[in-house]
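Student: My questions will all concern the structure given below.
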Amino acid sequence: MSDDPAPLATVDEQALRPDLPDNAQQMRLLAEIRRATARYHRVEAAEADGYVLSSECVASPAGGMGHHFVKGPLVDGVVEPTMPEALVYEPQSNGRLRLVAVEYIVVAAAWDATHDSPPMLGSVVFDDHRPEGSGGPPFPHYQLHAWIWKHNPAGMHAPFNPNVNCAYALDFPPAPAE
């Protein structure tokens with residue numbers, strides 16, 4: 001019998017820091033996504049690559065998401081980590097947009113036709129938005145956020161970020177060009 005007292009509790013680093021990926025492979029994947037999307041810190045680069053402002057600044061009591069810029073041709077039944085379907089920007093007080101996250105959107109019918117389980121980004125399962133009224137695009141889909149450009153205390157893949165707000169939101173839909 002040992003004289004050492006039993007620990008009162010064990011520390012689960014993942015539970016204390018839900019924003020941390022759970023393994024080295026997942027961290028490498030997130031780093032690869034950051035490298036692939038770094039050029040989109042300038043929203044003009046995203047627009048030049050075909051991303052279009054597609055939402056008002058999304059907010060909820062749980063926090064904000066921001067404005068979504070979606071590249072329509074990427075919204076399909078495929079998960080390509082380095083080509084996210086949406087880029088998420090937080091409006092800033094100076095009128096600029098700050099890239100804060102990427103979002104993956106997978107059309108459920110296309111995915112479900114060839115898979116028996118939901119899509120995954122590395123080891124993380126996408127959120128199921130197939131039921132009507134579950135939010136996001138107006139069709140059955142799976143989606144997953146990755147807060148790779150702004151810390152999210154709710155977790156790397158939580159839908160909303162309490163550190164994001166829409167106080168300086170852009171007009172949506174945008175006013176027509178004159």
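Labels for the structure tokens follow display order: chains A, B, ..., residues from 1 in each chain, ligands from 1.
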Please provide the set of residues having any atom within 7 Å of Val75 in chain A, restricted to only C-alpha atoms, with same-chain residues fewer than 2 positions apart removed, written as a PyMOL selection string.

Tutor: chain A and resi 72-73+85+105-107

Student: Please, which residues of range 19-117 of chain A, numbered as in this document, come out strand (DSSP E) from DSSP, as number ranges by chain?

Tutor: A: 52-53, 58-60, 63-70, 86-91, 97-107

Student: Report, in Å with one decimal, the straight-line distance from CA of Asn161 in chain A to CA of Trp147 in chain A.

Tutor: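 Those two atoms sit 8.3 Å apart.
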
Student: Could you state the separation of CA of Gly63 in chain A and CA of Val125 in chain A in Å, given to one decimal place?

Tutor: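 That distance, rounded to one decimal, is 21.5 Å.
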
Student: Write out as a PyMOL selection string the set of residues from chain A that DSSP, computed on the backbone, places in alpha helix (DSSP H).

Tutor: chain A and resi 13-16+24-37+43-48+108-112

Student: Could those residues be written to a file, using C-alpha atoms, as a PDB file, in the first residue's frame?

Tutor:
```pdb
ATOM      1  CA  GLU A  13      -6.681  18.661 -21.239  1.00  0.00           C
ATOM      2  CA  GLN A  14      -9.214  18.246 -24.049  1.00  0.00           C
ATOM      3  CA  ALA A  15     -12.109  19.013 -21.689  1.00  0.00           C
ATOM      4  CA  LEU A  16     -10.323  22.085 -20.324  1.00  0.00           C
ATOM      5  CA  ALA A  24      -1.441  15.630 -33.920  1.00  0.00           C
ATOM      6  CA  GLN A  25      -2.988  14.554 -37.225  1.00  0.00           C
ATOM      7  CA  GLN A  26      -5.938  16.899 -36.667  1.00  0.00           C
ATOM      8  CA  MET A  27      -3.557  19.748 -35.786  1.00  0.00           C
ATOM      9  CA  ARG A  28      -1.632  19.154 -39.028  1.00  0.00           C
ATOM     10  CA  LEU A  29      -4.902  19.248 -40.972  1.00  0.00           C
ATOM     11  CA  LEU A  30      -5.909  22.558 -39.375  1.00  0.00           C
ATOM     12  CA  ALA A  31      -2.458  23.990 -40.159  1.00  0.00           C
ATOM     13  CA  GLU A  32      -2.871  22.902 -43.793  1.00  0.00           C
ATOM     14  CA  ILE A  33      -6.261  24.648 -43.935  1.00  0.00           C
ATOM     15  CA  ARG A  34      -4.719  27.816 -42.487  1.00  0.00           C
ATOM     16  CA  ARG A  35      -1.983  27.760 -45.155  1.00  0.00           C
ATOM     17  CA  ALA A  36      -4.566  27.255 -47.908  1.00  0.00           C
ATOM     18  CA  THR A  37      -6.814  30.091 -46.730  1.00  0.00           C
ATOM     19  CA  VAL A  43     -11.733  39.837 -48.694  1.00  0.00           C
ATOM     20  CA  GLU A  44     -10.901  41.155 -52.183  1.00  0.00           C
ATOM     21  CA  ALA A  45      -8.833  38.015 -52.795  1.00  0.00           C
ATOM     22  CA  ALA A  46     -11.774  35.852 -51.753  1.00  0.00           C
ATOM     23  CA  GLU A  47     -14.095  37.744 -54.087  1.00  0.00           C
ATOM     24  CA  ALA A  48     -11.580  37.424 -56.937  1.00  0.00           C
ATOM     25  CA  ALA A 108     -26.806  15.827 -47.867  1.00  0.00           C
ATOM     26  CA  ALA A 109     -28.426  14.098 -50.855  1.00  0.00           C
ATOM     27  CA  ALA A 110     -25.125  13.915 -52.738  1.00  0.00           C
ATOM     28  CA  TRP A 111     -23.191  12.727 -49.666  1.00  0.00           C
ATOM     29  CA  ASP A 112     -25.810  10.258 -48.442  1.00  0.00           C
TER      30      ASP A 112
END
```

Student: At a cut-off of 10 Å, using only C-alpha atoms, what residues contact Leu87 in chain A? Leave out same-chain residues fewer than 3 positions from it and give the result as a PyMOL selection string.

Tutor: chain A and resi 37+40-41+43+46+51-53+66-71+83-84+99-104+145-146

Student: Which value, in Å to one decimal, gives the distance between CA of Ala86 in chain A and CA of Leu121 in chain A?

Tutor: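 Computing the Euclidean distance for CA of Ala86 in chain A and CA of Leu121 in chain A yields 14.6 Å.
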
Student: Which residue, A:Glu56, A:Gly50, A:Asp127, A:Met156, has the smallest gap to Pro173 in chain A when you use only C-alpha atoms?

Tutor: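 Of the candidates, the smallest distance to Pro173 in chain A is held by A:Glu56.
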
Student: As a ChimeraX atom specification, please: the residues near Pro61 in chain A (cut-off 12 Å, only C-alpha atoms, same-chain neighbours under 2 positions excluded).

Tutor: /A:58-59,63-65,159-166

Student: Nearest to Glu80 in chain A: which of A:Met120, A:Ala62, A:Ile148, A:Ala158 is it, counting only C-alpha atoms?

Tutor: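 Smallest separation from Glu80 in chain A among the options: A:Met120.
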